[in-house]
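Inspection log for the structure reproduced underneath, given as structure tokens.
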Amino acid sequence: MAKPVVAIVGRPNVGKSTIFNRIVGERVSIVEDVPGVTRDRIYNSAEWLGKEFNIIDTGGIDLSDEPFLEQIRAQAEIAIDEADVIIFITNGREGVTDADEQVAKILYRSNKPIVLAINKVDNPEMRDQIYDFYALGFGEPYPISGSHGLGLGDMLDAVRAHFPKEEEEEYPDDTVKFSLIGRPNVGKSSILNALLGEDRVIVSDIAGTTRDAIDTTYTFDGQDYVMIDTAGMRKRGKVYESTEKYSVLRAMRAIERSDVVLVVINAEEGIREQDKRIAGYAHDAGRAIIIVVNKWDAISKDEKTINVWTEDIREQFQFLSYAPIVYVSAKTKQRLNNLFPLINQVSDNHSLRVQSSMLNDVISDAVAMNPSPMDKGKRLKIFYTTQVAVKPPTFVVFVNDPELMHFSYERFLENRIREAFPFEGTPIRVIARKRK
């Protein structure tokens, strides 16, 4: 089930990024005391009182004609469209401003639950100044301090109260759910239609035609599938002309509901930074991944073309070294028959659980072959390894001191596990814990 989505919105320089970083527990957004420093939406997962949700940090909303601020406004409006709950941040030191009222007018049209937070209320004496904010029309304002972490609990309680009620997953456990993600106009809907053999999804040469994620059930060779076609972002006027940067959130929602994610790349356009960004969300979410290069029929090729493309993909997607690559054409249906067997394979690998005895034999051999390096006179000792989860496969390594588990040695152990067991197509997690 997809997590609820919370958007933080407000005019520039009210402390949105500071609050975002407080909620997610790490410094993700750039924080600088200059209006408009956050130029792109930032996404992350957070948790409050046992409930996980996605949170979006937007740039400030400003109705100025400056192109830069117009783009920030566009980002915030799209976040508003996608959010289940909106946190409206204002500045308690400055009181209600004309810009706050302009933001409020945008939020009125959203028909979404709004939690009004008054930031920079750093001491109790300032709380008497918050009553002017009732005039914005969003009910009780919550005084907070992003820099000191004050009042965030009450604000998040109010946010959590507005989360949609959880619904039961409507598909049987043995159904394989997969999604197609990628930039607009890479051919996601065309691939889906070609797989189905019918035009269930509108296909257009205009980027961003698909408006909503579309679930399509399908049975192939006795296996039930749910295909989730991620939405391209809608365009509303000139502020949406550059649609690529707005496609990530829809992809995230589809990723969360998927077992397997097909990262679709347009062979005509080559690899873009946005391709890597979108694929990174699927990797971070722990989903099984297949890289699909579409429109393979549309480029000039020789006997070296596939090797050159494969080397380039491996270089630019180093974090997806485990992901198989397929070169297809939705137009001619070239190699599309390879997709379902590959989806089944990586789905099985994503759910694979290995015996502890075999796992520990592999780890013991790995340590004997390459002992852990010394760090400040101490050496990492590995006592026992066990698999604690699937989807993705997750392994806990019990050690004398987790601080001694260097990233490079963790990667070494991961590679040894991959060599011993069939984990192609799925990320795996290796976690070091102190033996008690």
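Residue names in the structure tokens use chain letters A, B, ... in the order shown, residue numbers from 1 in each chain, and ligand numbers from 1 in the order shown.
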As a list in words, please: all residues of stretch 90-214 of chain A that backbone DSSP puts in strand (DSSP E).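 Answer for stretch 90-214 of chain A restricted to strand (DSSP E) is Thr90, Asn91, Ile114, Val115, Leu116, Ala117, Ile118, Asn119, Tyr142, Pro143, Val176, Lys177, Phe178, Ser179, Leu180, Ile181 and Ile214 of chain A.
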Using backbone DSSP assignments, extract all alpha helix (DSSP H) residues from stretch 288-327 of chain A; output them as a CSV table (one decimal) with N, CA, C and O atoms, in the first residue's frame.
chain,number,residue,atom,x,y,z
A,305,THR,N,26.9,-2.1,-30.8
A,305,THR,CA,26.0,-1.1,-30.2
A,305,THR,C,25.5,-1.6,-28.8
A,305,THR,O,25.6,-0.8,-27.9
A,306,ILE,N,25.1,-2.8,-28.7
A,306,ILE,CA,24.6,-3.3,-27.4
A,306,ILE,C,25.7,-3.3,-26.4
A,306,ILE,O,25.5,-2.9,-25.2
A,307,ASN,N,26.9,-3.7,-26.7
A,307,ASN,CA,28.0,-3.6,-25.8
A,307,ASN,C,28.3,-2.2,-25.3
A,307,ASN,O,28.6,-2.0,-24.1
A,308,VAL,N,28.3,-1.3,-26.3
A,308,VAL,CA,28.6,0.1,-25.9
A,308,VAL,C,27.5,0.6,-25.0
A,308,VAL,O,27.8,1.3,-23.9
A,309,TRP,N,26.2,0.3,-25.3
A,309,TRP,CA,25.1,0.8,-24.4
A,309,TRP,C,25.2,0.1,-23.0
A,309,TRP,O,25.0,0.8,-22.0
A,310,THR,N,25.5,-1.2,-23.0
A,310,THR,CA,25.6,-1.9,-21.7
A,310,THR,C,26.7,-1.3,-20.8
A,310,THR,O,26.5,-1.0,-19.6
A,311,GLU,N,27.9,-1.0,-21.4
A,311,GLU,CA,29.0,-0.4,-20.7
A,311,GLU,C,28.6,1.0,-20.1
A,311,GLU,O,28.9,1.3,-19.0
A,312,ASP,N,27.9,1.8,-21.0
A,312,ASP,CA,27.4,3.1,-20.6
A,312,ASP,C,26.4,3.0,-19.4
A,312,ASP,O,26.5,3.8,-18.4
A,313,ILE,N,25.5,2.1,-19.5
A,313,ILE,CA,24.5,1.9,-18.4
A,313,ILE,C,25.2,1.5,-17.1
A,313,ILE,O,24.9,2.0,-16.1
A,314,ARG,N,26.1,0.6,-17.2
A,314,ARG,CA,26.8,0.1,-16.0
A,314,ARG,C,27.6,1.2,-15.4
A,314,ARG,O,27.7,1.3,-14.2
A,315,GLU,N,28.1,2.1,-16.2
A,315,GLU,CA,28.9,3.2,-15.7
A,315,GLU,C,28.1,4.2,-15.0
A,315,GLU,O,28.4,4.7,-14.0
A,316,GLN,N,26.9,4.6,-15.7
A,316,GLN,CA,26.1,5.6,-15.2
A,316,GLN,C,25.1,5.2,-14.1
A,316,GLN,O,24.7,6.0,-13.3
Of the candidates A:Ile78, A:Leu195, A:Ile363, A:Val24, which shows the shortest atom-to-atom distance to A:Thr217, using only C-alpha atoms? A:Leu195
Find the residues near A:Ile8: any atom within 7 Å, counting only C-alpha atoms, skip ones fewer than 4 places away on the same chain, and give them as a count of residues only. 7
Rank nothing, just name the residue among A:Ala194, A:Ala389, A:Ala420, A:Ala99 nearest to A:Leu359, using only C-alpha atoms.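 Under the stated criterion, the closest residue is A:Ala420.
Pairwise distance (atom CA of A:Ile228, atom CA of A:Thr394) equals 25.4 Å.
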Kindly indicate which residue among A:Phe53, A:Trp48, A:Tyr327, A:Phe220 lies nearest to A:Glu256, using only C-alpha atoms for the distances.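 Between A:Phe53, A:Trp48, A:Tyr327, A:Phe220, the residue approaching A:Glu256 most closely is A:Phe53.
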Using only C-alpha atoms, which residues sit within 8 Å of A:Gln223 once same-chain residues fewer than 3 positions away are excluded, as a PyMOL selection string? chain A and resi 175-176+219-220
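Between atom CA of A:Ile55 and atom CA of A:Val6 lies a distance of 4.7 Å.
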Of the listed residues A:Met252, A:Ile19, A:Ala298, A:Ile144, that which approaches A:Ile130 most closely, counting only C-alpha atoms: A:Ile144
Close residues, stretch 395-401 of chain A itself excluded, 6 Å, only C-alpha atoms, min 3 positions apart in chain, as a PDB file with N, CA and C atoms, in the first residue's frame:
ATOM      1  N   LYS A 381      35.248  -8.424  14.089  1.00  0.00           N
ATOM      2  CA  LYS A 381      35.014  -9.856  14.228  1.00  0.00           C
ATOM      3  C   LYS A 381      33.558 -10.156  13.888  1.00  0.00           C
ATOM      4  N   ILE A 382      33.363 -11.113  12.991  1.00  0.00           N
ATOM      5  CA  ILE A 382      32.016 -11.515  12.602  1.00  0.00           C
ATOM      6  C   ILE A 382      31.685 -12.839  13.276  1.00  0.00           C
ATOM      7  N   PHE A 383      30.619 -12.835  14.072  1.00  0.00           N
ATOM      8  CA  PHE A 383      30.248 -14.023  14.831  1.00  0.00           C
ATOM      9  C   PHE A 383      29.180 -14.871  14.135  1.00  0.00           C
ATOM     10  N   TYR A 384      28.217 -14.206  13.525  1.00  0.00           N
ATOM     11  CA  TYR A 384      27.082 -14.960  12.994  1.00  0.00           C
ATOM     12  C   TYR A 384      26.330 -14.062  12.019  1.00  0.00           C
ATOM     13  N   THR A 385      25.739 -14.646  10.993  1.00  0.00           N
ATOM     14  CA  THR A 385      24.946 -13.899  10.008  1.00  0.00           C
ATOM     15  C   THR A 385      23.625 -14.614   9.793  1.00  0.00           C
ATOM     16  N   THR A 386      22.554 -13.853   9.710  1.00  0.00           N
ATOM     17  CA  THR A 386      21.243 -14.438   9.481  1.00  0.00           C
ATOM     18  C   THR A 386      20.425 -13.533   8.587  1.00  0.00           C
ATOM     19  N   GLN A 387      19.544 -14.127   7.798  1.00  0.00           N
ATOM     20  CA  GLN A 387      18.631 -13.340   6.970  1.00  0.00           C
ATOM     21  C   GLN A 387      17.385 -13.036   7.774  1.00  0.00           C
ATOM     22  N   VAL A 388      17.016 -11.753   7.836  1.00  0.00           N
ATOM     23  CA  VAL A 388      15.896 -11.336   8.683  1.00  0.00           C
ATOM     24  C   VAL A 388      14.682 -10.878   7.880  1.00  0.00           C
ATOM     25  N   LEU A 404      33.220  -0.774  13.276  1.00  0.00           N
ATOM     26  CA  LEU A 404      34.366  -1.294  12.530  1.00  0.00           C
ATOM     27  C   LEU A 404      33.982  -1.841  11.156  1.00  0.00           C
ATOM     28  N   VAL A 430      22.784  -5.356   3.912  1.00  0.00           N
ATOM     29  CA  VAL A 430      23.661  -5.973   4.907  1.00  0.00           C
ATOM     30  C   VAL A 430      23.761  -5.004   6.078  1.00  0.00           C
ATOM     31  N   ILE A 431      23.342  -5.439   7.261  1.00  0.00           N
ATOM     32  CA  ILE A 431      23.300  -4.585   8.450  1.00  0.00           C
ATOM     33  C   ILE A 431      24.199  -5.178   9.521  1.00  0.00           C
ATOM     34  N   ALA A 432      25.087  -4.382  10.060  1.00  0.00           N
ATOM     35  CA  ALA A 432      25.967  -4.838  11.153  1.00  0.00           C
ATOM     36  C   ALA A 432      25.334  -4.478  12.485  1.00  0.00           C
ATOM     37  N   ARG A 433      25.320  -5.465  13.401  1.00  0.00           N
ATOM     38  CA  ARG A 433      24.795  -5.229  14.754  1.00  0.00           C
ATOM     39  C   ARG A 433      25.740  -5.841  15.781  1.00  0.00           C
ATOM     40  N   LYS A 434      25.800  -5.225  16.914  1.00  0.00           N
ATOM     41  CA  LYS A 434      26.670  -5.733  17.979  1.00  0.00           C
ATOM     42  C   LYS A 434      26.043  -6.963  18.600  1.00  0.00           C
ATOM     43  N   ARG A 435      26.858  -8.009  18.797  1.00  0.00           N
ATOM     44  CA  ARG A 435      26.349  -9.209  19.440  1.00  0.00           C
ATOM     45  C   ARG A 435      26.152  -8.937  20.909  1.00  0.00           C
TER      46      ARG A 435
END
Leaving out A:Glu101 and any residue of its chain fewer than 4 positions from it, which residues lie within 7 Å of it when counting only C-alpha atoms, given as a PyMOL selection string? chain A and resi 97+105+136
Keeping C-alpha atoms for every residue in the selection just given, could you write it to a file as an mmCIF file, in the first residue's frame?
data_model
loop_
_atom_site.group_PDB
_atom_site.id
_atom_site.type_symbol
_atom_site.label_atom_id
_atom_site.label_comp_id
_atom_site.auth_asym_id
_atom_site.auth_seq_id
_atom_site.Cartn_x
_atom_site.Cartn_y
_atom_site.Cartn_z
ATOM 1 C CA THR A 97 2.051 38.933 5.215
ATOM 2 C CA LYS A 105 -5.655 31.441 -1.703
ATOM 3 C CA LEU A 136 -5.863 32.824 7.320
#
